[in-house]
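Peer 1: For reference, the structure I am asking about is given below.
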Protein chains: 2
Amino acid sequence: MKFDVALGTSVVVMAFDGERLVALIGEKSQEPYKGAPMLPSNWVSAGVSVEEVAKRMMNRILGVEKIYLEQLNAFAKVYRNPMGRVVNIAYFALLNWDVVKEVKTPGYKWVSLETSPEMIFDHNEILEMAYERLKRRVKRRPIGFVMLPKQFTFNMIHSLYEQCLRKDLDKRNFRKKFMRSELLIDTEETIFEAPGNKKPSRLYEFNQQKYDKLTLKGYDFKF
Amino acid sequence: MKFDVALGTSVVVMAFDGERLVALIGEKSQEPYKGAPMLPSNWVSAGVSVEEVAKRMMNRILGVEKIYLEQLNAFAKVYRNPMGRVVNIAYFALLNWDVVKEVKTPGYKWVSLETSPEMIFDHNEILEMAYERLKRRVKRRPIGFVMLPKQFTFNMIHSLYEQCLRKDLDKRNFRKKFMRSELLIDTEETIFEAPGNKKPSRLYEFNQQKYDKLTLKGYDFKF
DNA sequence: TCAAAAGTGTTATCGCTACACCCATGG
DNA sequence: CCATGGGTGTAGCGATAACACTTTTGA
């Protein structure tokens, strides 16, 4: 048994800025390719958990403790990193825009998923896989909510779904489908989504307890 | 950058013996835990591809070249292996029973998925994740066919699906649904599935070309 | 002609899709 | 009172699920 492989982790962090899906991009701090765009990444030393490293990194860059984090894939091609055999266990994270929009560490920035730059190594492939994963997840689990504030309008979740699935969704049918699931709580409160709007929008909350209960009984969310 | 992690791979190999789903189990060849049940596994040295190692291992044990292989997950917990930090990139493979039923290397054997033994480290968790993956895959991709002979009867694919999804499926509805997809070719041939059967069964083939063509046009298989 | 497995149709219900107008409000 | 965005209902269609008998063939 030989210990001759380096371990790293990259995290594709996604959020919804109200208009578009955005992803967090950093830049390489050392040669080679110093300054080149890359996903937020870290080495993982032998004694610590990969997930822990990913979480600490998110905390450092965005100042968040709680985070939706899920393993994406291991990227382990022999020649993916010219420095040697580096196995990258990539994660995919979803965060609430209001909480993370200010970046705490210089060098990182949010970019629209559509216009992400070319990155080092196989990081574009990782980003692509993360988007595909999001697309699938959003259809099968009520996961969109982690990208929205605790209370949100129907328009928010509607356009979030349109962005995730990259297609137009009929407003009425969308509402019906979500309402049928009975996973939303009508808070009876309203806000003006944009300044100057004529009519306020109702605010909803996701009913996590109900979802957990239904899931136990074999319910599966389908969108 | 420190190279202080060992890399290994395990493969969950599954097949359908006509009655049940089966998985390939090996045993540990060295202390500690010599003789203990484990998934087929191998070290991966720094210069070779993980997938390549997995394929070579399958070739050695089962004598197969072509194989349906897909990455399952990276298992990388700090304390998963008492010998040190071992990252295990696990794969999941599906094979045609007729081709693989004879095991070429002593120490390996097929066991029913239902009665799989307790294994070393986190190998039971890996097996469990592979089964869950199969369950999902089988619903969204016509993947069951790789576990069947080129020509198969409706009963075969029917009971394969029942085993994968672990529930009874109505014979008529199942047939209708599959037929509607038009992905099966009726070979016009028949066989007696079991010796002594009174009536022969029709043989079908999966129409891979048609599936590929439909997929390009945005068709998605749903079961 | 009988036993055994293969193969076949119909109906009721449900969810999906497509589509257009009214409502509440602030300016 | 009007302009703007928020919010609502219905009808047709296709998919699903439940259900039992007929056909074929070898023995």
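If you're wondering about the labels, chains in the structure tokens are A, B, ... by order shown, residues count from 1 in each chain, ligands from 1 in order shown.
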Could you please select, counting only C-alpha atoms (C1' of nucleotides), the residues of chain A within 8 Å of chain D and state them as a ChimeraX atom specification?
Peer 2: /A:172,197-201
Peer 1: Report as a list in words all protein, DNA and RNA residues lying within 10 Å of Asn73 (chain B), evaluated on only C-alpha atoms (C1' of nucleotides), omitting residues in the same chain fewer than 2 positions from it.
Peer 2: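 Non-adjacent residues within range: Gln71, Leu72, Asn73, Ala74 and Ile89 of chain A; Glu70, Gln71, Phe75, Ala76, Asn88, Ile89, Ala90, Tyr91, Phe92, Ile126, Met129 and Ala130 of chain B.
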Peer 1: Would you put the residues from that selection into a file with N, CA, C and O atoms, as a PDB file, in the first residue's frame?
Peer 2:
```
ATOM      1  N   GLN A  71     -21.994  15.338  -2.369  1.00  0.00           N
ATOM      2  CA  GLN A  71     -20.869  14.918  -3.214  1.00  0.00           C
ATOM      3  C   GLN A  71     -21.317  14.807  -4.665  1.00  0.00           C
ATOM      4  O   GLN A  71     -22.396  14.298  -4.952  1.00  0.00           O
ATOM      5  N   LEU A  72     -20.472  15.306  -5.541  1.00  0.00           N
ATOM      6  CA  LEU A  72     -20.803  15.328  -6.952  1.00  0.00           C
ATOM      7  C   LEU A  72     -20.184  14.116  -7.633  1.00  0.00           C
ATOM      8  O   LEU A  72     -20.856  13.308  -8.247  1.00  0.00           O
ATOM      9  N   ASN A  73     -18.899  13.998  -7.486  1.00  0.00           N
ATOM     10  CA  ASN A  73     -18.163  12.977  -8.226  1.00  0.00           C
ATOM     11  C   ASN A  73     -16.700  13.073  -7.806  1.00  0.00           C
ATOM     12  O   ASN A  73     -16.268  14.097  -7.313  1.00  0.00           O
ATOM     13  N   ALA A  74     -15.971  11.994  -8.082  1.00  0.00           N
ATOM     14  CA  ALA A  74     -14.526  12.065  -7.916  1.00  0.00           C
ATOM     15  C   ALA A  74     -13.910  12.243  -9.287  1.00  0.00           C
ATOM     16  O   ALA A  74     -14.240  11.502 -10.220  1.00  0.00           O
ATOM     17  N   ILE A  89     -12.217  15.298  -5.142  1.00  0.00           N
ATOM     18  CA  ILE A  89     -13.586  14.925  -4.781  1.00  0.00           C
ATOM     19  C   ILE A  89     -14.396  16.203  -4.768  1.00  0.00           C
ATOM     20  O   ILE A  89     -14.204  17.063  -3.917  1.00  0.00           O
TER      21      ILE A  89
ATOM     22  N   GLU B  70     -19.931   2.513 -14.318  1.00  0.00           N
ATOM     23  CA  GLU B  70     -20.302   3.900 -14.016  1.00  0.00           C
ATOM     24  C   GLU B  70     -19.821   4.246 -12.624  1.00  0.00           C
ATOM     25  O   GLU B  70     -19.899   3.424 -11.720  1.00  0.00           O
ATOM     26  N   GLN B  71     -19.275   5.441 -12.489  1.00  0.00           N
ATOM     27  CA  GLN B  71     -18.772   5.807 -11.157  1.00  0.00           C
ATOM     28  C   GLN B  71     -19.927   5.962 -10.189  1.00  0.00           C
ATOM     29  O   GLN B  71     -20.961   6.541 -10.523  1.00  0.00           O
ATOM     30  N   PHE B  75     -15.599   7.209  -1.633  1.00  0.00           N
ATOM     31  CA  PHE B  75     -15.727   6.979  -0.193  1.00  0.00           C
ATOM     32  C   PHE B  75     -14.402   7.364   0.429  1.00  0.00           C
ATOM     33  O   PHE B  75     -13.366   6.785   0.100  1.00  0.00           O
ATOM     34  N   ALA B  76     -14.441   8.355   1.293  1.00  0.00           N
ATOM     35  CA  ALA B  76     -13.178   8.979   1.698  1.00  0.00           C
ATOM     36  C   ALA B  76     -13.142   9.348   3.168  1.00  0.00           C
ATOM     37  O   ALA B  76     -12.308  10.147   3.580  1.00  0.00           O
ATOM     38  N   ASN B  88     -11.517   5.531  -1.642  1.00  0.00           N
ATOM     39  CA  ASN B  88     -12.035   4.481  -2.496  1.00  0.00           C
ATOM     40  C   ASN B  88     -13.009   5.075  -3.507  1.00  0.00           C
ATOM     41  O   ASN B  88     -14.053   5.592  -3.138  1.00  0.00           O
ATOM     42  N   ILE B  89     -12.635   5.021  -4.770  1.00  0.00           N
ATOM     43  CA  ILE B  89     -13.554   5.462  -5.808  1.00  0.00           C
ATOM     44  C   ILE B  89     -14.300   4.224  -6.290  1.00  0.00           C
ATOM     45  O   ILE B  89     -13.724   3.333  -6.906  1.00  0.00           O
ATOM     46  N   ALA B  90     -15.566   4.166  -5.944  1.00  0.00           N
ATOM     47  CA  ALA B  90     -16.333   2.954  -6.191  1.00  0.00           C
ATOM     48  C   ALA B  90     -17.092   3.052  -7.504  1.00  0.00           C
ATOM     49  O   ALA B  90     -17.592   4.110  -7.874  1.00  0.00           O
ATOM     50  N   TYR B  91     -17.178   1.914  -8.194  1.00  0.00           N
ATOM     51  CA  TYR B  91     -17.917   1.837  -9.441  1.00  0.00           C
ATOM     52  C   TYR B  91     -19.045   0.851  -9.300  1.00  0.00           C
ATOM     53  O   TYR B  91     -19.066   0.013  -8.396  1.00  0.00           O
ATOM     54  N   PHE B  92     -19.890   0.947 -10.279  1.00  0.00           N
ATOM     55  CA  PHE B  92     -21.045   0.036 -10.290  1.00  0.00           C
ATOM     56  C   PHE B  92     -21.121  -0.505 -11.714  1.00  0.00           C
ATOM     57  O   PHE B  92     -20.961   0.228 -12.687  1.00  0.00           O
ATOM     58  N   ILE B 126     -21.471   0.759   0.376  1.00  0.00           N
ATOM     59  CA  ILE B 126     -21.220   0.909  -1.061  1.00  0.00           C
ATOM     60  C   ILE B 126     -22.210   0.071  -1.857  1.00  0.00           C
ATOM     61  O   ILE B 126     -22.818   0.534  -2.822  1.00  0.00           O
ATOM     62  N   MET B 129     -25.600   1.633  -1.818  1.00  0.00           N
ATOM     63  CA  MET B 129     -25.694   2.780  -2.716  1.00  0.00           C
ATOM     64  C   MET B 129     -25.799   2.324  -4.171  1.00  0.00           C
ATOM     65  O   MET B 129     -26.529   2.921  -4.970  1.00  0.00           O
ATOM     66  N   ALA B 130     -25.119   1.261  -4.504  1.00  0.00           N
ATOM     67  CA  ALA B 130     -25.182   0.737  -5.871  1.00  0.00           C
ATOM     68  C   ALA B 130     -26.582   0.242  -6.185  1.00  0.00           C
ATOM     69  O   ALA B 130     -27.115   0.484  -7.268  1.00  0.00           O
TER      70      ALA B 130
END
```
Peer 1: Got a sec: who's within 12 Å of region 78-83 of chain A, counting only C-alpha atoms (C1' of nucleotides), leaving out chain neighbours fewer than 4 positions off, as a PyMOL selection string?
Peer 2: (chain A and resi 5-8+31-33+74+87-88+120-123+125-126) or (chain B and resi 1-3+44-53)
Peer 1: Using only C-alpha atoms (C1' of nucleotides), what does the table of chain C residues within 12 Å of region 174-188 of chain B look like, with each row giving the shortest atom pair and its distance in Å to one decimal, sorted by chain and ascending number, as a Markdown table?
Peer 2:
```
| residue | atom | partner | partner_atom | distance |
| --- | --- | --- | --- | --- |
| C:DG7 | C1' | B:Arg175 | CA | 9.9 |
| C:DT8 | C1' | B:Arg175 | CA | 10.1 |
| C:DG9 | C1' | B:Lys176 | CA | 10.9 |
```
Peer 1: Could those residues be written to a file, using N, CA and C atoms (P, O5', C5', C4', C3', O3' and C1' of nucleotides), as a PDB file, in the first residue's frame?
Peer 2:
```pdb
ATOM      1  P    DG C   7     -45.535 -14.667 -25.043  1.00  0.00           P
ATOM      2  O5'  DG C   7     -46.977 -14.011 -25.185  1.00  0.00           O
ATOM      3  C5'  DG C   7     -47.869 -14.511 -26.189  1.00  0.00           C
ATOM      4  C4'  DG C   7     -49.233 -13.954 -25.955  1.00  0.00           C
ATOM      5  C3'  DG C   7     -49.304 -12.417 -25.925  1.00  0.00           C
ATOM      6  O3'  DG C   7     -50.087 -11.992 -27.012  1.00  0.00           O
ATOM      7  C1'  DG C   7     -50.645 -13.408 -24.233  1.00  0.00           C
ATOM      8  P    DT C   8     -50.061 -10.505 -27.481  1.00  0.00           P
ATOM      9  O5'  DT C   8     -51.543 -10.014 -27.190  1.00  0.00           O
ATOM     10  C5'  DT C   8     -52.651 -10.769 -27.705  1.00  0.00           C
ATOM     11  C4'  DT C   8     -53.878 -10.428 -26.917  1.00  0.00           C
ATOM     12  C3'  DT C   8     -54.208  -8.944 -26.816  1.00  0.00           C
ATOM     13  O3'  DT C   8     -55.545  -8.747 -27.240  1.00  0.00           O
ATOM     14  C1'  DT C   8     -54.385  -9.959 -24.716  1.00  0.00           C
ATOM     15  P    DG C   9     -55.996  -7.507 -28.073  1.00  0.00           P
ATOM     16  O5'  DG C   9     -57.436  -7.258 -27.433  1.00  0.00           O
ATOM     17  C5'  DG C   9     -57.530  -7.346 -26.030  1.00  0.00           C
ATOM     18  C4'  DG C   9     -58.838  -6.730 -25.577  1.00  0.00           C
ATOM     19  C3'  DG C   9     -59.130  -5.326 -26.141  1.00  0.00           C
ATOM     20  O3'  DG C   9     -60.550  -5.146 -26.179  1.00  0.00           O
ATOM     21  C1'  DG C   9     -58.577  -5.192 -23.823  1.00  0.00           C
TER      22       DG C   9
END
```
Peer 1: If you run DSSP on the backbone, which residues of region 5-222 of chain B are strand (DSSP E), as a count of residues only?
Peer 2: 60
Peer 1: Rank C:DG26, C:DT11, C:DC21, C:DC16 by their smallest atom-to-atom distance to Phe223 (chain A), using only C-alpha atoms (C1' of nucleotides), and report the top residue only.
Peer 2: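 The shortest atom-to-atom distance to Phe223 (chain A) comes from C:DC16.
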Peer 1: Using only C-alpha atoms (C1' of nucleotides), which residues sit within 10 Å of Pro117 (chain A) once same-chain residues fewer than 2 positions away are excluded, as number ranges by chain?
Peer 2: A: 25, 36-38, 111-115, 119-120, 124
Peer 1: I need the chain C residues near chain B as a JSON list (two decimals) with N, CA, C and O atoms (P, O5', C5', C4', C3', O3' and C1' of nucleotides), in the first residue's frame; criterion: at most 8 Å, counting only C-alpha atoms (C1' of nucleotides).
Peer 2:
```
[["chain", "number", "residue", "atom", "x", "y", "z"],
["C", 4, "DA", "P", -50.82, -28.16, -14.09],
["C", 4, "DA", "O5'", -50.05, -27.11, -15.01],
["C", 4, "DA", "C5'", -48.99, -27.57, -15.86],
["C", 4, "DA", "C4'", -48.53, -26.40, -16.68],
["C", 4, "DA", "C3'", -48.43, -25.09, -15.89],
["C", 4, "DA", "O3'", -47.19, -24.49, -16.17],
["C", 4, "DA", "C1'", -49.74, -24.77, -17.82],
["C", 5, "DA", "P", -46.62, -23.37, -15.12],
["C", 5, "DA", "O5'", -46.22, -22.19, -16.10],
["C", 5, "DA", "C5'", -45.47, -22.49, -17.26],
["C", 5, "DA", "C4'", -45.95, -21.61, -18.39],
["C", 5, "DA", "C3'", -45.89, -20.11, -18.10],
["C", 5, "DA", "O3'", -45.02, -19.52, -19.05],
["C", 5, "DA", "C1'", -47.92, -20.72, -19.15],
["C", 6, "DA", "P", -44.94, -17.99, -19.38],
["C", 6, "DA", "O5'", -45.87, -17.97, -20.67],
["C", 6, "DA", "C5'", -45.37, -18.49, -21.90],
["C", 6, "DA", "C4'", -46.17, -17.93, -23.05],
["C", 6, "DA", "C3'", -46.04, -16.42, -23.21],
["C", 6, "DA", "O3'", -45.89, -16.13, -24.59],
["C", 6, "DA", "C1'", -48.32, -17.01, -22.77],
["C", 8, "DT", "P", -50.06, -10.50, -27.48],
["C", 8, "DT", "O5'", -51.54, -10.01, -27.19],
["C", 8, "DT", "C5'", -52.65, -10.77, -27.70],
["C", 8, "DT", "C4'", -53.88, -10.43, -26.92],
["C", 8, "DT", "C3'", -54.21, -8.94, -26.82],
["C", 8, "DT", "O3'", -55.55, -8.75, -27.24],
["C", 8, "DT", "C1'", -54.39, -9.96, -24.72]]
```
Peer 1: My list of candidates is A:Ser10, A:Asn42, A:Asn96, A:Gln163. Which is closest to chain B when distances are computed with only C-alpha atoms?
Peer 2: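 Among A:Ser10, A:Asn42, A:Asn96, A:Gln163, it is A:Asn42 that comes nearest to chain B.
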Peer 1: From a DSSP pass on the backbone, collect the residues of region 9-184 of chain A flagged as helix (DSSP H, G or I) and hand them back as a PyMOL selection string.
Peer 2: chain A and resi 50-62+97-100+113-115+123-140+144-147+154-165+171-181
Peer 1: For the atom pair CA of Lys101 (chain A) and CA of Glu132 (chain A), what is the interatomic distance in Å to one decimal place?
Peer 2: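 Value for the CA of Lys101 (chain A)-CA of Glu132 (chain A) distance: 23.0 Å.
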Peer 1: Measuring atom to atom with only C-alpha atoms, identify which of B:Val12, B:Gly84, B:Lys77, B:Gln30 is nearest to Lys55 (chain B).
Peer 2: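 Answer, going by the shortest atom-to-atom distance: B:Val12.
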Peer 1: For chain B, which of A:Val86, A:Val138, A:Ala15, A:Leu39 is the closest residue, counting only C-alpha atoms?
Peer 2: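 The shortest atom-to-atom distance to chain B comes from A:Val86.
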